[in-house]
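Input: a single structure, listed below in structure tokens.
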Amino acid sequence: MTDPRPIGVFDSGVGGLTVLREVLRRSPGESTIYLGDNARAPYGVRPDDEVRAFSTQSIDALVERDVKAVVVACNTSTAVAIGDLRRRYDLPILGVIRPGATSAALATRNRRVGVIGTPATIRSHAYFAAIKDENPAVEVYEHATPTFVPMVEAGLLTGPEVETSVREALAPLLGERDAAGEFIFPLPASARVDTLLLGCTHYPLIRDAIASVAGPGVAIVDSAAATASALAELLSINGLEASAGGASHQQLTTGDVDAFRSIAERMFGDAFPEVAGIELVAGGPAAPATRP
């Protein structure tokens with residue numbers, strides 16, 4: 001039995017494209033609809049109630065398009081709203097936190113894992129709990145990096161400005177002093193983290209800068225590949241896999257279509273030439289997508 005309906009992938013902006021890329025690599029026969037709520041990004045500095053409301057509106061729009069499963073490719077939304085979303089919809093809803101936490105728990109050698117994410121994700125301690133579930137012996141050091149998402153959404157992915165921002169943001173976590181001369185995690189060199197979990201799907205887009213600052217002794221882990229594998233297993237278990245061939249893909253954004261397309265083209269080339277705008281309406285159906 002096969003199911004040709006598309007998989008819905010939702011993120012607050014462009015970050016979830018890193019998950020979409022891995023989904024297409026892992027399950028090339030599947031059709032997808034990606035929705036980025038760029039107009040209201042970043043989610044990570046918003047109150048939890050807003051995150052829940054915005055996430056619901058976005059997934060309502062995907063469900064209206066008859067998706068067979070949804071990947072919540074937004075760590076903030078996963079951390080704050082995944083329980084509410086699973087109760088609301090009668091279809092599989094997969095988040096990104098559990099797969100990423102499993103990968104980090106397996107990757108660490110000295111059982112010290114650093115987690116960076118948005119303020120809302122870090123405030124939820126969702127990664128802390130998930131990593132501890134995998135291995136209670138792992139020490140987890142969580143650190144909010146609120147400057148990263150706006151930087152990525154603005155298309156700043158490389159260059160001296162990005163590296164400077166990353167260096168300043170990671171300094172407290174990596175055992176260096178912050179601008180005020182204080183340590184947040186005052187660990188000696190022998191006890192510093194050896195694994196850094198990127199707790200936001202925007203962050204892999206600046207992975208090179210993060211890896212450069214963290215240094216060769218720190219393994220960088222993100223949830224995209226693990227989430228794609230978990231999705232493939234979920235589809236198989238539920239008999240929702242598509243047959244080979246005939247896959248189609250659609251990308252929607254609530255924000256600037258040209259800006260979204262620019263980042264999508266960096267990641268996918270001309271594989272997804274069509275990006276459409278969409279307006280999300282609170283408490284009602286989404287307005288039809290419009291062509292640029």
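FYI, nothing fancy with the structure tokens labels: chains A, B, ... in order, residues from 1 per chain, ligands from 1 as they appear.
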Discussion item. I'd like the neighbourhood of Leu62 in chain A as a ChimeraX atom specification, where a residue qualifies if any of its atoms comes within 12 Å (using only C-alpha atoms), though same-chain residues fewer than 3 positions away should be ignored.
Written reply: /A:5-11,32-36,55-59,65-72,89,91,93,250-253,278,280,285-289
Hey, can you spit out that residue selection with N, CA, C and O atoms as a compact mmCIF listing (two decimals), in the first residue's frame?
```txt
# COMPACT_ATOMS: atom_id res chain seq x y z
N ARG A 5 0.26 11.29 -1.06
CA ARG A 5 0.08 12.63 -0.50
C ARG A 5 1.42 13.19 -0.01
O ARG A 5 2.32 12.45 0.37
N PRO A 6 1.55 14.53 0.02
CA PRO A 6 2.82 15.12 0.42
C PRO A 6 3.05 15.10 1.92
O PRO A 6 2.11 14.96 2.72
N ILE A 7 4.31 15.26 2.29
CA ILE A 7 4.71 15.49 3.68
C ILE A 7 4.77 16.99 3.90
O ILE A 7 5.33 17.73 3.09
N GLY A 8 4.18 17.46 4.98
CA GLY A 8 4.27 18.87 5.33
C GLY A 8 5.47 19.12 6.22
O GLY A 8 5.75 18.36 7.14
N VAL A 9 6.22 20.16 5.92
CA VAL A 9 7.37 20.56 6.73
C VAL A 9 7.17 22.02 7.12
O VAL A 9 7.00 22.88 6.26
N PHE A 10 7.20 22.29 8.41
CA PHE A 10 6.91 23.65 8.92
C PHE A 10 8.08 24.17 9.73
O PHE A 10 8.68 23.45 10.54
N ASP A 11 8.40 25.45 9.51
CA ASP A 11 9.41 26.12 10.33
C ASP A 11 9.03 27.59 10.46
O ASP A 11 8.22 28.11 9.67
N THR A 32 6.60 16.92 -1.07
CA THR A 32 6.67 17.76 0.13
C THR A 32 5.99 19.10 -0.10
O THR A 32 5.93 19.60 -1.23
N ILE A 33 5.50 19.67 0.98
CA ILE A 33 5.06 21.07 1.01
C ILE A 33 5.77 21.71 2.20
O ILE A 33 5.60 21.27 3.34
N TYR A 34 6.57 22.71 1.93
CA TYR A 34 7.31 23.42 2.99
C TYR A 34 6.63 24.76 3.24
O TYR A 34 6.32 25.50 2.31
N LEU A 35 6.44 25.09 4.53
CA LEU A 35 5.87 26.38 4.90
C LEU A 35 6.78 27.05 5.90
O LEU A 35 7.02 26.53 6.99
N GLY A 36 7.32 28.21 5.51
CA GLY A 36 8.13 29.01 6.41
C GLY A 36 7.38 30.27 6.82
O GLY A 36 6.97 31.06 5.97
N SER A 55 2.17 28.41 15.39
CA SER A 55 2.42 27.04 14.94
C SER A 55 1.13 26.39 14.48
O SER A 55 1.08 25.71 13.44
N THR A 56 0.07 26.61 15.23
CA THR A 56 -1.23 26.03 14.87
C THR A 56 -1.72 26.59 13.54
O THR A 56 -2.21 25.84 12.68
N GLN A 57 -1.61 27.89 13.34
CA GLN A 57 -2.04 28.48 12.08
C GLN A 57 -1.25 27.89 10.90
O GLN A 57 -1.83 27.60 9.84
N SER A 58 0.03 27.72 11.08
CA SER A 58 0.87 27.19 10.00
C SER A 58 0.51 25.75 9.67
O SER A 58 0.39 25.37 8.50
N ILE A 59 0.33 24.94 10.70
CA ILE A 59 0.03 23.54 10.43
C ILE A 59 -1.40 23.38 9.93
O ILE A 59 -1.69 22.50 9.11
N ARG A 65 -4.00 21.37 2.92
CA ARG A 65 -3.43 20.91 1.65
C ARG A 65 -3.23 19.40 1.63
O ARG A 65 -2.52 18.86 0.79
N ASP A 66 -3.89 18.70 2.54
CA ASP A 66 -3.97 17.24 2.57
C ASP A 66 -2.61 16.57 2.69
O ASP A 66 -2.30 15.62 1.97
N VAL A 67 -1.79 17.05 3.64
CA VAL A 67 -0.53 16.36 3.91
C VAL A 67 -0.82 15.10 4.71
O VAL A 67 -1.82 15.01 5.43
N LYS A 68 0.05 14.11 4.59
CA LYS A 68 -0.15 12.85 5.30
C LYS A 68 0.61 12.78 6.63
O LYS A 68 0.34 11.92 7.46
N ALA A 69 1.57 13.68 6.81
CA ALA A 69 2.34 13.77 8.05
C ALA A 69 2.97 15.15 8.08
O ALA A 69 3.11 15.81 7.04
N VAL A 70 3.33 15.61 9.27
CA VAL A 70 3.96 16.93 9.41
C VAL A 70 5.25 16.79 10.20
O VAL A 70 5.28 16.15 11.26
N VAL A 71 6.30 17.40 9.68
CA VAL A 71 7.55 17.56 10.42
C VAL A 71 7.59 18.98 10.96
O VAL A 71 7.59 19.94 10.18
N VAL A 72 7.59 19.12 12.27
CA VAL A 72 7.74 20.44 12.89
C VAL A 72 9.24 20.70 12.95
O VAL A 72 9.91 20.34 13.91
N TYR A 89 -4.31 17.34 15.82
CA TYR A 89 -4.37 16.78 14.47
C TYR A 89 -4.35 15.26 14.50
O TYR A 89 -3.59 14.65 15.25
N LEU A 91 -3.05 13.04 12.55
CA LEU A 91 -2.05 12.54 11.61
C LEU A 91 -0.70 12.61 12.33
O LEU A 91 -0.56 13.31 13.34
N ILE A 93 2.69 13.68 13.73
CA ILE A 93 3.40 14.93 13.91
C ILE A 93 4.77 14.61 14.50
O ILE A 93 4.86 14.05 15.60
N GLN A 250 6.55 21.85 -3.15
CA GLN A 250 6.04 23.22 -3.10
C GLN A 250 6.62 23.92 -1.89
O GLN A 250 6.73 23.32 -0.81
N GLN A 251 7.00 25.17 -2.08
CA GLN A 251 7.53 25.94 -0.97
C GLN A 251 6.70 27.21 -0.80
O GLN A 251 6.44 27.94 -1.77
N LEU A 252 6.28 27.46 0.44
CA LEU A 252 5.43 28.60 0.78
C LEU A 252 6.11 29.43 1.86
O LEU A 252 6.77 28.89 2.75
N THR A 253 5.94 30.74 1.79
CA THR A 253 6.47 31.62 2.83
C THR A 253 5.48 32.74 3.12
O THR A 253 4.81 33.24 2.22
N ILE A 278 2.12 33.17 1.06
CA ILE A 278 0.89 32.74 1.71
C ILE A 278 0.63 33.65 2.89
O ILE A 278 1.56 34.12 3.55
N LEU A 280 -1.30 33.77 6.49
CA LEU A 280 -1.96 32.96 7.50
C LEU A 280 -2.98 33.81 8.24
O LEU A 280 -2.68 34.93 8.67
N PRO A 285 -9.24 29.56 7.67
CA PRO A 285 -8.38 28.94 6.66
C PRO A 285 -7.35 29.92 6.14
O PRO A 285 -7.55 31.13 6.14
N ALA A 286 -6.21 29.39 5.70
CA ALA A 286 -5.17 30.22 5.14
C ALA A 286 -5.61 30.79 3.80
O ALA A 286 -6.32 30.14 3.04
N ALA A 287 -5.20 32.02 3.55
CA ALA A 287 -5.49 32.63 2.26
C ALA A 287 -4.73 31.87 1.17
O ALA A 287 -3.64 31.34 1.43
N PRO A 288 -5.28 31.80 -0.03
CA PRO A 288 -4.59 31.06 -1.10
C PRO A 288 -3.20 31.60 -1.34
O PRO A 288 -2.95 32.81 -1.22
N ALA A 289 -2.30 30.70 -1.69
CA ALA A 289 -0.95 31.12 -2.02
C ALA A 289 -0.99 31.99 -3.26
O ALA A 289 -1.77 31.75 -4.17
```
Item to complete: Using DSSP on the backbone, list every residue of range 10-133 of chain A that comes out as strand (DSSP E or B), and give them as a PyMOL selection string.
Response: chain A and resi 10-11+32-36+69-72+93-94+112-117
Discussion item. Considering only C-alpha atoms, can you say which of A:Asp49, A:Asp194, A:Glu139, A:Glu233 comes closest to Gly217 in chain A?
Written reply: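 Under the stated criterion, the closest residue is A:Asp194.
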Practice prompt. Give the helix (DSSP H, G or I) residues of range 83-140 of chain A, as assigned by DSSP on the backbone, as an MDAnalysis selection string.
Written response: chainID A and resid 83:88 97:107 119:124 126:134
Discussion item. As an MDAnalysis selection string, please: the residues near Ala244 in chain A (cut-off 9 Å, only C-alpha atoms, same-chain neighbours under 2 positions excluded).
Written reply: chainID A and resid 28:30 242 246:247
Output for the residues just chosen: N, CA, C and O atoms as a PDB file, in the first residue's frame:
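Wrote it out as again-v8.pdb, contents follow:
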```pdb
ATOM      1  N   PRO A  28      13.692  10.184  -1.345  1.00  0.00           N
ATOM      2  CA  PRO A  28      13.571  10.971  -2.582  1.00  0.00           C
ATOM      3  C   PRO A  28      12.256  10.791  -3.323  1.00  0.00           C
ATOM      4  O   PRO A  28      11.897  11.620  -4.162  1.00  0.00           O
ATOM      5  N   GLY A  29      11.514   9.745  -3.035  1.00  0.00           N
ATOM      6  CA  GLY A  29      10.250   9.523  -3.723  1.00  0.00           C
ATOM      7  C   GLY A  29       9.071  10.259  -3.122  1.00  0.00           C
ATOM      8  O   GLY A  29       7.969  10.241  -3.681  1.00  0.00           O
ATOM      9  N   GLU A  30       9.295  10.925  -1.988  1.00  0.00           N
ATOM     10  CA  GLU A  30       8.199  11.597  -1.296  1.00  0.00           C
ATOM     11  C   GLU A  30       7.994  13.017  -1.816  1.00  0.00           C
ATOM     12  O   GLU A  30       8.950  13.748  -2.096  1.00  0.00           O
ATOM     13  N   ALA A 242       5.316   6.691  -0.135  1.00  0.00           N
ATOM     14  CA  ALA A 242       4.906   6.910  -1.518  1.00  0.00           C
ATOM     15  C   ALA A 242       5.604   5.908  -2.419  1.00  0.00           C
ATOM     16  O   ALA A 242       6.662   5.368  -2.079  1.00  0.00           O
ATOM     17  N   GLY A 246       7.463  10.481  -9.571  1.00  0.00           N
ATOM     18  CA  GLY A 246       6.332  11.401  -9.557  1.00  0.00           C
ATOM     19  C   GLY A 246       6.277  12.345  -8.377  1.00  0.00           C
ATOM     20  O   GLY A 246       5.235  12.937  -8.113  1.00  0.00           O
ATOM     21  N   ALA A 247       7.394  12.510  -7.634  1.00  0.00           N
ATOM     22  CA  ALA A 247       7.379  13.408  -6.478  1.00  0.00           C
ATOM     23  C   ALA A 247       7.254  14.857  -6.926  1.00  0.00           C
ATOM     24  O   ALA A 247       7.809  15.266  -7.952  1.00  0.00           O
TER      25      ALA A 247
END
```
